[in-house]
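So this block is data.tsv, TSV, C-alpha atoms:
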chain	number	residue	atom	x	y	z
G	1	MET	CA	-99.50	50.54	63.72
G	2	SER	CA	-96.14	49.66	65.10
G	3	TYR	CA	-93.58	50.98	67.55
G	4	SER	CA	-91.07	53.63	66.54
G	5	PRO	CA	-88.15	52.29	64.45
G	6	LEU	CA	-85.59	52.48	67.27
G	7	LEU	CA	-87.89	50.65	69.69
G	8	MET	CA	-88.71	48.02	67.06
G	9	ARG	CA	-84.99	47.51	66.50
G	10	LEU	CA	-84.36	47.03	70.22
G	11	ILE	CA	-87.22	44.53	70.53
G	12	ASP	CA	-85.92	42.57	67.52
G	13	ALA	CA	-82.35	42.62	68.84
G	14	LEU	CA	-83.43	41.32	72.26
G	15	ARG	CA	-84.79	38.21	70.56
G	16	CYS	CA	-81.26	36.94	69.89
G	17	MET	CA	-81.32	35.63	73.46
G	18	PRO	CA	-82.43	32.04	74.01
G	19	GLY	CA	-85.94	31.75	75.43
G	20	VAL	CA	-86.87	35.33	74.57
G	21	GLY	CA	-89.78	35.67	72.14
G	22	ARG	CA	-91.69	38.74	70.97
G	23	LYS	CA	-93.70	39.25	74.16
G	24	SER	CA	-90.70	38.82	76.49
G	25	ALA	CA	-88.61	41.10	74.30
G	26	GLN	CA	-91.28	43.82	74.56
G	27	ARG	CA	-91.49	43.42	78.31
G	28	ILE	CA	-87.70	43.61	78.67
G	29	ALA	CA	-87.46	46.65	76.37
G	30	PHE	CA	-90.17	48.56	78.28
G	31	HIS	CA	-88.65	47.65	81.63
G	32	LEU	CA	-85.16	48.79	80.62
G	33	LEU	CA	-86.31	52.04	79.02
G	34	GLU	CA	-88.78	52.88	81.73
G	35	ARG	CA	-87.14	51.68	84.92
G	36	ASP	CA	-83.48	50.83	84.37
G	37	ARG	CA	-81.69	52.89	81.74
G	38	SER	CA	-78.37	52.72	83.55
G	39	GLY	CA	-78.69	48.93	83.62
G	40	ALA	CA	-79.35	48.94	79.87
G	41	ASP	CA	-76.33	51.14	79.35
G	42	ASP	CA	-74.12	48.83	81.41
G	43	LEU	CA	-75.46	45.84	79.52
G	44	SER	CA	-74.73	47.48	76.18
G	45	LYS	CA	-71.13	48.17	77.20
G	46	ALA	CA	-70.63	44.74	78.79
G	47	LEU	CA	-71.91	43.05	75.62
G	48	ALA	CA	-69.66	45.10	73.35
G	49	GLU	CA	-66.58	44.43	75.46
G	50	ALA	CA	-67.39	40.75	75.87
G	51	VAL	CA	-67.90	40.22	72.13
G	52	LEU	CA	-64.64	42.01	71.43
G	53	GLY	CA	-62.57	40.63	74.28
G	54	ILE	CA	-63.74	37.14	75.23
G	55	GLY	CA	-62.35	34.19	73.33
G	56	HIS	CA	-61.50	30.63	74.24
G	57	CYS	CA	-58.73	29.33	76.47
G	58	LYS	CA	-56.15	27.90	74.05
G	59	GLN	CA	-55.85	24.76	76.14
G	60	CYS	CA	-59.35	23.92	77.38
G	61	ARG	CA	-61.76	26.07	75.30
G	62	MET	CA	-63.16	27.77	78.41
G	63	LEU	CA	-64.52	31.27	77.70
G	64	THR	CA	-61.93	33.80	78.84
G	65	GLU	CA	-60.39	37.09	77.70
G	66	ASN	CA	-56.87	35.72	78.32
G	67	ASP	CA	-54.86	33.14	76.40
G	68	ALA	CA	-55.28	30.62	79.21
G	69	CYS	CA	-58.16	30.43	81.69
G	70	ASN	CA	-57.62	30.67	85.46
G	71	ILE	CA	-57.48	26.91	85.84
G	72	CYS	CA	-55.11	26.14	82.96
G	73	ALA	CA	-52.86	29.00	84.13
G	74	ASP	CA	-52.71	27.53	87.63
G	75	ASN	CA	-49.48	25.50	88.04
G	76	GLY	CA	-50.87	23.74	91.11
G	77	ARG	CA	-53.39	21.67	89.13
G	78	ASN	CA	-52.79	18.02	88.30
G	79	ASP	CA	-52.59	17.81	84.51
G	80	LYS	CA	-52.71	14.01	84.51
G	81	LEU	CA	-56.45	14.20	85.19
G	82	LEU	CA	-58.58	15.73	82.44
G	83	CYS	CA	-62.31	16.22	82.89
G	84	ALA	CA	-64.46	16.79	79.78
G	85	VAL	CA	-67.63	18.85	80.35
G	86	GLU	CA	-70.24	20.40	78.06
G	87	SER	CA	-70.25	23.98	79.28
G	88	PRO	CA	-68.37	26.57	81.38
G	89	ALA	CA	-71.18	26.34	83.95
G	90	ASP	CA	-70.34	22.65	84.41
G	91	VAL	CA	-66.73	23.58	85.23
G	92	MET	CA	-68.04	25.88	87.98
G	93	ALA	CA	-70.40	23.18	89.28
G	94	VAL	CA	-67.60	20.60	89.52
G	95	GLU	CA	-65.21	23.15	91.06
G	96	ASP	CA	-67.73	24.24	93.69
G	97	ALA	CA	-68.86	20.75	94.67
G	98	THR	CA	-66.01	18.29	94.39
G	99	GLY	CA	-62.57	19.56	95.32
G	100	TYR	CA	-61.30	18.10	92.01
G	101	ARG	CA	-57.77	19.40	91.36
G	102	GLY	CA	-57.24	18.22	87.79
G	103	ILE	CA	-57.83	20.23	84.63
G	104	TYR	CA	-60.78	20.51	82.26
G	105	PHE	CA	-61.74	20.39	78.64
G	106	VAL	CA	-64.86	22.38	77.80
G	107	LEU	CA	-66.64	21.01	74.73
G	108	MET	CA	-69.02	24.00	74.49
G	109	GLY	CA	-71.91	21.77	73.54
G	110	HIS	CA	-72.59	18.15	72.68
G	111	LEU	CA	-72.65	16.12	69.48
G	112	SER	CA	-75.86	17.04	67.68
G	113	PRO	CA	-75.62	16.29	63.96
G	114	LEU	CA	-79.10	17.73	63.26
G	115	ASP	CA	-77.93	21.12	64.53
G	116	GLY	CA	-74.71	20.82	62.56
G	117	ILE	CA	-72.61	20.24	65.67
G	118	GLY	CA	-70.04	17.51	64.99
G	119	PRO	CA	-66.67	16.63	66.53
G	120	GLU	CA	-65.06	19.60	64.79
G	121	GLU	CA	-67.37	22.17	66.44
G	122	LEU	CA	-66.59	20.64	69.84
G	123	GLY	CA	-62.83	21.07	69.44
G	124	MET	CA	-62.17	17.32	69.40
G	125	ALA	CA	-58.96	17.86	67.40
G	126	LEU	CA	-57.57	20.00	70.23
G	127	LEU	CA	-58.57	17.34	72.76
G	128	GLU	CA	-56.99	14.60	70.66
G	129	ASP	CA	-53.72	16.59	70.48
G	130	ARG	CA	-53.85	16.75	74.25
G	131	LEU	CA	-54.40	13.00	74.63
G	132	ARG	CA	-51.71	12.22	72.04
G	133	LYS	CA	-49.05	14.15	73.96
G	134	GLY	CA	-49.20	11.44	76.59
G	135	ASN	CA	-49.40	13.57	79.72
G	136	VAL	CA	-53.03	12.74	80.51
G	137	GLU	CA	-53.59	9.49	82.40
G	138	GLU	CA	-57.35	9.59	82.91
G	139	LEU	CA	-60.14	11.26	80.94
G	140	ILE	CA	-63.10	11.83	83.24
G	141	ILE	CA	-66.21	12.18	81.08
G	142	ALA	CA	-68.78	14.46	82.73
G	143	THR	CA	-71.18	15.15	79.86
G	144	ASN	CA	-74.86	15.33	80.76
G	145	PRO	CA	-76.85	12.07	80.99
G	146	THR	CA	-78.99	12.97	77.96
G	147	VAL	CA	-79.15	11.24	74.58
G	148	GLU	CA	-76.70	13.74	73.08
G	149	GLY	CA	-74.50	13.73	76.17
G	150	ASP	CA	-74.35	9.93	76.06
G	151	ALA	CA	-73.40	9.96	72.38
G	152	THR	CA	-70.69	12.52	73.13
G	153	ALA	CA	-69.44	10.41	76.04
G	154	HIS	CA	-69.23	7.38	73.76
G	155	TYR	CA	-67.21	9.36	71.22
G	156	LEU	CA	-64.87	10.66	73.93
G	157	ALA	CA	-64.34	7.18	75.36
G	158	GLU	CA	-63.28	5.88	71.91
G	159	LEU	CA	-60.94	8.82	71.52
G	160	ALA	CA	-59.31	8.02	74.88
G	161	GLN	CA	-59.02	4.33	74.01
G	162	LYS	CA	-57.33	5.18	70.71
G	163	HIS	CA	-54.61	7.02	72.62
G	164	SER	CA	-54.39	4.47	75.44
G	165	VAL	CA	-55.80	6.84	78.01
G	166	GLN	CA	-58.04	5.46	80.76
G	167	ALA	CA	-61.59	6.80	80.31
G	168	SER	CA	-64.16	7.01	83.10
G	169	ARG	CA	-67.63	8.47	83.37
G	170	ILE	CA	-69.14	10.11	86.44
G	171	ALA	CA	-71.76	7.93	88.16
G	172	HIS	CA	-75.46	8.32	87.43
G	173	GLY	CA	-78.13	7.13	89.82
G	174	VAL	CA	-80.50	8.18	92.57
G	175	PRO	CA	-79.52	11.70	93.73
G	176	LEU	CA	-78.71	12.19	97.43
G	177	GLY	CA	-81.84	13.07	99.34
G	178	GLY	CA	-83.96	11.67	96.53
G	179	GLU	CA	-86.64	9.07	97.24
G	180	LEU	CA	-86.84	5.92	95.15
G	181	GLU	CA	-90.58	6.35	94.83
G	182	TYR	CA	-90.24	9.71	93.10
G	183	VAL	CA	-87.16	9.06	90.97
G	184	ASP	CA	-87.92	8.53	87.26
G	185	GLY	CA	-87.73	5.01	85.85
G	186	GLY	CA	-84.67	5.60	83.69
G	187	THR	CA	-82.61	6.88	86.60
G	188	LEU	CA	-83.72	4.05	88.89
G	189	SER	CA	-82.95	1.43	86.25
G	190	HIS	CA	-79.54	3.02	85.73
G	191	ALA	CA	-78.89	3.02	89.48
G	192	PHE	CA	-80.03	-0.59	89.78
G	193	PHE	CA	-77.81	-2.01	87.05
G	194	GLY	CA	-74.92	0.18	88.15
G	195	ARG	CA	-75.04	-1.18	91.73
G	196	ARG	CA	-71.69	-1.64	93.49
G	197	ALA	CA	-70.58	-4.34	95.87
G	198	ILE	CA	-70.27	-3.22	99.50
G	199	ASP	CA	-66.90	-4.35	100.87
Y	1	MET	CA	-63.08	29.68	91.33
Y	2	SER	CA	-65.04	32.10	89.19
Y	3	TYR	CA	-65.35	33.15	85.57
Y	4	SER	CA	-62.97	35.65	84.03
Y	5	PRO	CA	-63.73	39.30	84.97
Y	6	LEU	CA	-65.20	40.26	81.59
Y	7	LEU	CA	-67.50	37.23	81.57
Y	8	MET	CA	-68.55	37.89	85.18
Y	9	ARG	CA	-69.37	41.46	84.23
Y	10	LEU	CA	-71.52	40.34	81.29
Y	11	ILE	CA	-73.40	37.83	83.45
Y	12	ASP	CA	-74.02	40.50	86.11
Y	13	ALA	CA	-75.13	43.04	83.51
Y	14	LEU	CA	-77.61	40.59	81.95
Y	15	ARG	CA	-79.39	40.38	85.29
Y	16	CYS	CA	-80.79	43.89	84.85
Y	17	MET	CA	-83.49	42.29	82.73
Y	18	PRO	CA	-86.73	41.29	84.44
Y	19	GLY	CA	-87.06	37.55	85.03
Y	20	VAL	CA	-83.36	36.88	84.43
Y	21	GLY	CA	-81.53	35.40	87.42
Y	22	ARG	CA	-77.99	34.06	87.74
Y	23	LYS	CA	-78.60	30.78	85.91
Y	24	SER	CA	-80.50	32.37	83.02
Y	25	ALA	CA	-77.86	35.08	82.73
Y	26	GLN	CA	-75.14	32.42	82.44
Y	27	ARG	CA	-77.11	30.53	79.83
Y	28	ILE	CA	-77.70	33.71	77.81
Y	29	ALA	CA	-74.04	34.78	78.07
Y	30	PHE	CA	-72.75	31.38	76.90
Y	31	HIS	CA	-75.28	31.25	74.09
Y	32	LEU	CA	-74.39	34.72	72.81
Y	33	LEU	CA	-70.62	34.22	73.05
Y	34	GLU	CA	-70.67	30.72	71.64
Y	35	ARG	CA	-73.41	30.79	69.01
Y	36	ASP	CA	-74.49	34.34	68.24
Y	37	ARG	CA	-71.81	36.99	68.53
Y	38	SER	CA	-73.29	39.10	65.77
Y	39	GLY	CA	-76.63	39.04	67.61
Y	40	ALA	CA	-74.87	40.19	70.78
Y	41	ASP	CA	-73.17	42.96	68.84
Y	42	ASP	CA	-76.48	44.12	67.36
Y	43	LEU	CA	-78.09	44.00	70.79
Y	44	SER	CA	-75.29	46.07	72.28
Y	45	LYS	CA	-75.71	48.75	69.61
Y	46	ALA	CA	-79.53	48.68	69.74
Y	47	LEU	CA	-79.43	49.13	73.53
Y	48	ALA	CA	-76.98	52.02	73.36
Y	49	GLU	CA	-78.99	53.82	70.68
Y	50	ALA	CA	-82.30	53.17	72.42
Y	51	VAL	CA	-81.04	54.48	75.77
Y	52	LEU	CA	-79.69	57.57	74.05
Y	53	GLY	CA	-82.50	58.15	71.60
Y	54	ILE	CA	-85.80	56.92	72.98
Y	55	GLY	CA	-87.81	59.21	75.23
Y	56	HIS	CA	-91.50	59.76	75.77
Y	57	CYS	CA	-94.08	61.29	73.43
Y	58	LYS	CA	-94.71	64.78	74.84
Y	59	GLN	CA	-98.45	64.26	74.55
Y	60	CYS	CA	-99.16	60.65	75.50
Y	61	ARG	CA	-95.96	59.35	77.15
Y	62	MET	CA	-95.57	56.56	74.59
Y	63	LEU	CA	-91.95	55.45	74.12
Y	64	THR	CA	-90.61	57.06	70.94
Y	65	GLU	CA	-87.47	58.74	69.63
Y	66	ASN	CA	-89.54	61.64	68.23
Y	67	ASP	CA	-91.31	64.49	70.04
Y	68	ALA	CA	-94.69	62.96	69.22
Y	69	CYS	CA	-95.49	59.29	68.66
Y	70	ASN	CA	-97.00	58.01	65.39
Y	71	ILE	CA	-100.52	58.19	66.79
Y	72	CYS	CA	-100.32	61.67	68.32
Y	73	ALA	CA	-98.67	62.94	65.12
Y	74	ASP	CA	-101.54	61.55	63.02
Y	75	ASN	CA	-104.04	64.31	62.24
Y	76	GLY	CA	-106.70	61.79	61.28
Y	77	ARG	CA	-107.26	60.64	64.89
Y	78	ASN	CA	-110.24	61.79	66.93
Y	79	ASP	CA	-108.79	63.71	69.87
Y	80	LYS	CA	-112.14	63.83	71.68
Y	81	LEU	CA	-111.64	60.21	72.71
Y	82	LEU	CA	-108.72	59.51	75.06
Y	83	CYS	CA	-107.88	55.96	76.09
Y	84	ALA	CA	-105.66	55.46	79.17
Y	85	VAL	CA	-103.57	52.27	79.16
Y	86	GLU	CA	-100.79	50.91	81.35
Y	87	SER	CA	-98.12	50.12	78.76
Y	88	PRO	CA	-97.07	50.65	75.13
Y	89	ALA	CA	-97.94	47.00	74.48
Y	90	ASP	CA	-101.54	47.75	75.46
Y	91	VAL	CA	-101.67	50.50	72.83
Y	92	MET	CA	-100.62	47.94	70.23
Y	93	ALA	CA	-103.18	45.42	71.47
Y	94	VAL	CA	-106.05	47.96	71.27
Y	95	GLU	CA	-104.85	49.19	67.87
Y	96	ASP	CA	-104.63	45.70	66.43
Y	97	ALA	CA	-107.94	44.46	67.78
Y	98	THR	CA	-110.47	47.26	67.89
Y	99	GLY	CA	-110.33	49.80	65.09
Y	100	TYR	CA	-110.36	52.54	67.75
Y	101	ARG	CA	-109.50	55.88	66.12
Y	102	GLY	CA	-109.09	58.07	69.18
Y	103	ILE	CA	-105.84	58.86	70.95
Y	104	TYR	CA	-104.07	57.34	73.95
Y	105	PHE	CA	-102.43	58.18	77.20
Y	106	VAL	CA	-99.78	55.67	78.31
Y	107	LEU	CA	-99.36	55.60	82.09
Y	108	MET	CA	-96.22	53.42	81.91
Y	109	GLY	CA	-97.30	51.43	84.94
Y	110	HIS	CA	-100.02	51.45	87.54
Y	111	LEU	CA	-100.39	53.01	90.98
Y	112	SER	CA	-98.28	50.94	93.35
Y	113	PRO	CA	-97.33	52.90	96.48
Y	114	LEU	CA	-95.20	50.06	97.84
Y	115	ASP	CA	-92.94	50.29	94.79
Y	116	GLY	CA	-92.87	54.08	95.05
Y	117	ILE	CA	-95.10	54.54	92.01
Y	118	GLY	CA	-97.64	57.28	92.67
Y	119	PRO	CA	-99.64	59.65	90.42
Y	120	GLU	CA	-96.52	61.67	89.70
Y	121	GLU	CA	-94.60	58.72	88.24
Y	122	LEU	CA	-97.56	57.92	85.98
Y	123	GLY	CA	-97.63	61.42	84.48
Y	124	MET	CA	-101.04	62.26	85.94
Y	125	ALA	CA	-100.21	65.98	85.84
Y	126	LEU	CA	-99.79	65.77	82.07
Y	127	LEU	CA	-103.07	63.88	81.79
Y	128	GLU	CA	-104.84	66.44	83.97
Y	129	ASP	CA	-103.55	69.26	81.75
Y	130	ARG	CA	-105.03	67.43	78.83
Y	131	LEU	CA	-108.42	67.00	80.51
Y	132	ARG	CA	-108.43	70.61	81.69
Y	133	LYS	CA	-108.01	71.94	78.15
Y	134	GLY	CA	-111.53	70.75	77.46
Y	135	ASN	CA	-110.97	69.01	74.14
Y	136	VAL	CA	-111.44	65.50	75.49
Y	137	GLU	CA	-115.06	64.34	75.80
Y	138	GLU	CA	-114.56	60.76	76.99
Y	139	LEU	CA	-111.77	59.11	78.95
Y	140	ILE	CA	-111.79	55.38	78.21
Y	141	ILE	CA	-110.01	53.62	81.06
Y	142	ALA	CA	-108.31	50.44	79.87
Y	143	THR	CA	-106.03	49.57	82.79
Y	144	ASN	CA	-105.68	45.90	83.62
Y	145	PRO	CA	-108.33	44.24	85.82
Y	146	THR	CA	-105.86	43.68	88.68
Y	147	VAL	CA	-105.89	45.22	92.15
Y	148	GLU	CA	-103.42	47.92	91.09
Y	149	GLY	CA	-105.14	48.44	87.75
Y	150	ASP	CA	-108.49	48.87	89.53
Y	151	ALA	CA	-107.01	51.41	91.95
Y	152	THR	CA	-105.52	53.29	89.01
Y	153	ALA	CA	-108.86	53.19	87.18
Y	154	HIS	CA	-110.58	54.63	90.25
Y	155	TYR	CA	-108.05	57.45	90.42
Y	156	LEU	CA	-108.47	58.19	86.72
Y	157	ALA	CA	-112.26	58.23	86.98
Y	158	GLU	CA	-112.09	60.82	89.77
Y	159	LEU	CA	-109.69	62.91	87.72
Y	160	ALA	CA	-112.12	62.85	84.78
Y	161	GLN	CA	-115.05	63.74	87.01
Y	162	LYS	CA	-113.14	66.70	88.43
Y	163	HIS	CA	-112.80	68.11	84.93
Y	164	SER	CA	-116.32	67.15	83.83
Y	165	VAL	CA	-115.10	64.56	81.35
Y	166	GLN	CA	-117.17	61.41	80.85
Y	167	ALA	CA	-115.19	58.39	82.12
Y	168	SER	CA	-115.81	54.81	80.99
Y	169	ARG	CA	-114.08	51.53	81.64
Y	170	ILE	CA	-113.72	48.69	79.16
Y	171	ALA	CA	-115.96	45.71	79.96
Y	172	HIS	CA	-114.69	42.74	81.94
Y	173	GLY	CA	-116.36	39.36	81.79
Y	174	VAL	CA	-116.21	35.91	80.23
Y	175	PRO	CA	-113.77	36.03	77.28
Y	176	LEU	CA	-115.08	35.01	73.85
Y	177	GLY	CA	-114.60	31.30	73.30
Y	178	GLY	CA	-114.28	30.80	77.07
Y	179	GLU	CA	-116.45	28.27	78.86
Y	180	LEU	CA	-118.32	29.24	82.03
Y	181	GLU	CA	-117.17	26.04	83.70
Y	182	TYR	CA	-113.49	26.96	83.36
Y	183	VAL	CA	-113.67	30.70	83.99
Y	184	ASP	CA	-112.43	31.77	87.44
Y	185	GLY	CA	-115.00	32.81	90.03
Y	186	GLY	CA	-114.03	36.49	90.13
Y	187	THR	CA	-114.47	36.89	86.39
Y	188	LEU	CA	-117.78	35.02	86.38
Y	189	SER	CA	-119.10	37.07	89.28
Y	190	HIS	CA	-118.04	40.25	87.47
Y	191	ALA	CA	-119.75	39.10	84.28
Y	192	PHE	CA	-122.89	38.17	86.19
Y	193	PHE	CA	-123.34	41.48	87.98
Y	194	GLY	CA	-122.32	43.39	84.86
Y	195	ARG	CA	-125.05	41.74	82.77
Y	196	ARG	CA	-126.77	43.86	80.13
Y	197	ALA	CA	-130.38	43.92	79.01
Y	198	ILE	CA	-131.01	42.45	75.56
Y	199	ASP	CA	-133.14	44.82	73.53

Target encoding structure tokens, full file:
Amino acid sequence: MSYSPLLMRLIDALRCMPGVGRKSAQRIAFHLLERDRSGADDLSKALAEAVLGIGHCKQCRMLTENDACNICADNGRNDKLLCAVESPADVMAVEDATGYRGIYFVLMGHLSPLDGIGPEELGMALLEDRLRKGNVEELIIATNPTVEGDATAHYLAELAQKHSVQASRIAHGVPLGGELEYVDGGTLSHAFFGRRAID
Amino acid sequence: MSYSPLLMRLIDALRCMPGVGRKSAQRIAFHLLERDRSGADDLSKALAEAVLGIGHCKQCRMLTENDACNICADNGRNDKLLCAVESPADVMAVEDATGYRGIYFVLMGHLSPLDGIGPEELGMALLEDRLRKGNVEELIIATNPTVEGDATAHYLAELAQKHSVQASRIAHGVPLGGELEYVDGGTLSHAFFGRRAID
């Protein structure tokens, strides 16, 4: 016994999403068909238009349907500061929290040779072009503090050095509001050895 | 700062799925656009076709694109036994596990007045028609052992009684392979008071 072909197809198709297995896909399919058909319809159209329309910003690889993303198209940004991040969500996080007025480069991932993601997949050639042009004075590396993020940061730092661009990495340590007692050992050790003199 | 309009729309649309909030929707959107555009395309088409094509089985309310679902269309099933379940997934679970050869009635939910789900939304009129016709000899109630499922079971049992149909409920107790020590109190109490004589 199995579901009808169309329902089976929907359940299978839903599994293309990360974190969605067979059971979740069933639950989503039943919910959409039973309680939210207009939502399903909107989603179908939004997906089709996004797949067709959304590409990468030609300058920073941000996902956008235009040639340049909002930030790259903004003449008021300081293009001497370039911040490299792993994902579009990181751009939003930095924008919302920091008041940074430079520009970005979105890697769309991190170096992960086992998954077949090397410098090429991360658009490193485009970044190198950018560094070679000589406009950028500082490359701020804001990859995640994970093994892959660290490897990517190392690669980026070498790239910057090669083109005589100052590289820096955002600070890692005890988060504000965090308590030493509950912070994991790696973070505490990092914070300890990265201590700064108080003037 | 925000994402481009098309990307925003996709992220919003993804939130129609149960359990998907803003962060998950972002993660799914980036994954689909970056790593699985053909999957997103398939999903878009599957959703559109499902919304257009899939309705309910006229006899048992199962989700299907045909007038009758596979089970109702099967002449080999015993239509004297009717099993009421909450969702299409429950039909599959019973089919896979039990060798039951009767037919089903899929409520597509449970009584939940606070969510506006009453007897009407669960197709009780259709079920009552079925019981009134006099073909059904036993209504096997297989709603979930939750508060709402119990209330629904109670309602169904009264409906069966009204039409002089024998009602039964599937047994609840300690699951096979479970250990008394780790079973929750409610289940154990249920199993204890529902004990059966050994012949």

Inset, instruction - Taking all atoms listed in the file into account, report as JSON, numbers by chain which residues of chain G lie within 8 Å of chain Y. - result: {"G": [1, 2, 3, 4, 6, 7, 9, 10, 13, 14, 16, 17, 18, 26, 28, 30, 31, 32, 33, 34, 36, 37, 39, 40, 41, 42, 43, 44, 45, 46, 47, 48, 49, 50, 51, 53, 54, 63, 64, 65, 69, 70, 88, 89, 92, 95, 96, 108]}

Inset, instruction - Could you give me, as a list in words, the residues within 10 Å of Arg130 (chain G), counting all atoms listed in the file and dropping anything in the same chain fewer than 2 positions from it? - result: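 Neighbouring residues, sequence-local ones excluded: Gln59, Cys60, Leu82, Phe105, Met124, Ala125, Leu126, Leu127, Glu128, Arg132, Lys133, Gly134, Asn135, Val136 and His163 of chain G.
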
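For the set G:Val94, G:Ile117, G:Leu81, G:Leu111, the residue with the smallest atom-to-atom gap to His154 (chain G) is G:Leu111, counting only C-alpha atoms.
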
Legend entry - Atomic separation - CA of Glu148 (chain G) relative to CA of Ser112 (chain G), Å: 6.4 Å

Legend entry - Distance query region 141-143 of chain G at most 6 Å, all atoms listed in the file, self and fewer than 6 positions along chain excluded, as a PyMOL selection string: chain G and resi 83-86+149+168-170

Legend entry - 9 Å contact set for Asp79 (chain Y), only C-alpha atoms, chain neighbours under 5 positions out, as a PyMOL selection string: chain Y and resi 72+101-104+135-137

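The space between CA of Gln166 (chain Y) and CA of Glu138 (chain Y) spans 4.7 Å.
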
Inset, instruction - Give me, please, the distance in Å between CA of Asn144 (chain G) and CA of Leu107 (chain G), quoted to one decimal. - result: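 About the pair CA of Asn144 (chain G) and CA of Leu107 (chain G): they are 11.7 Å apart.
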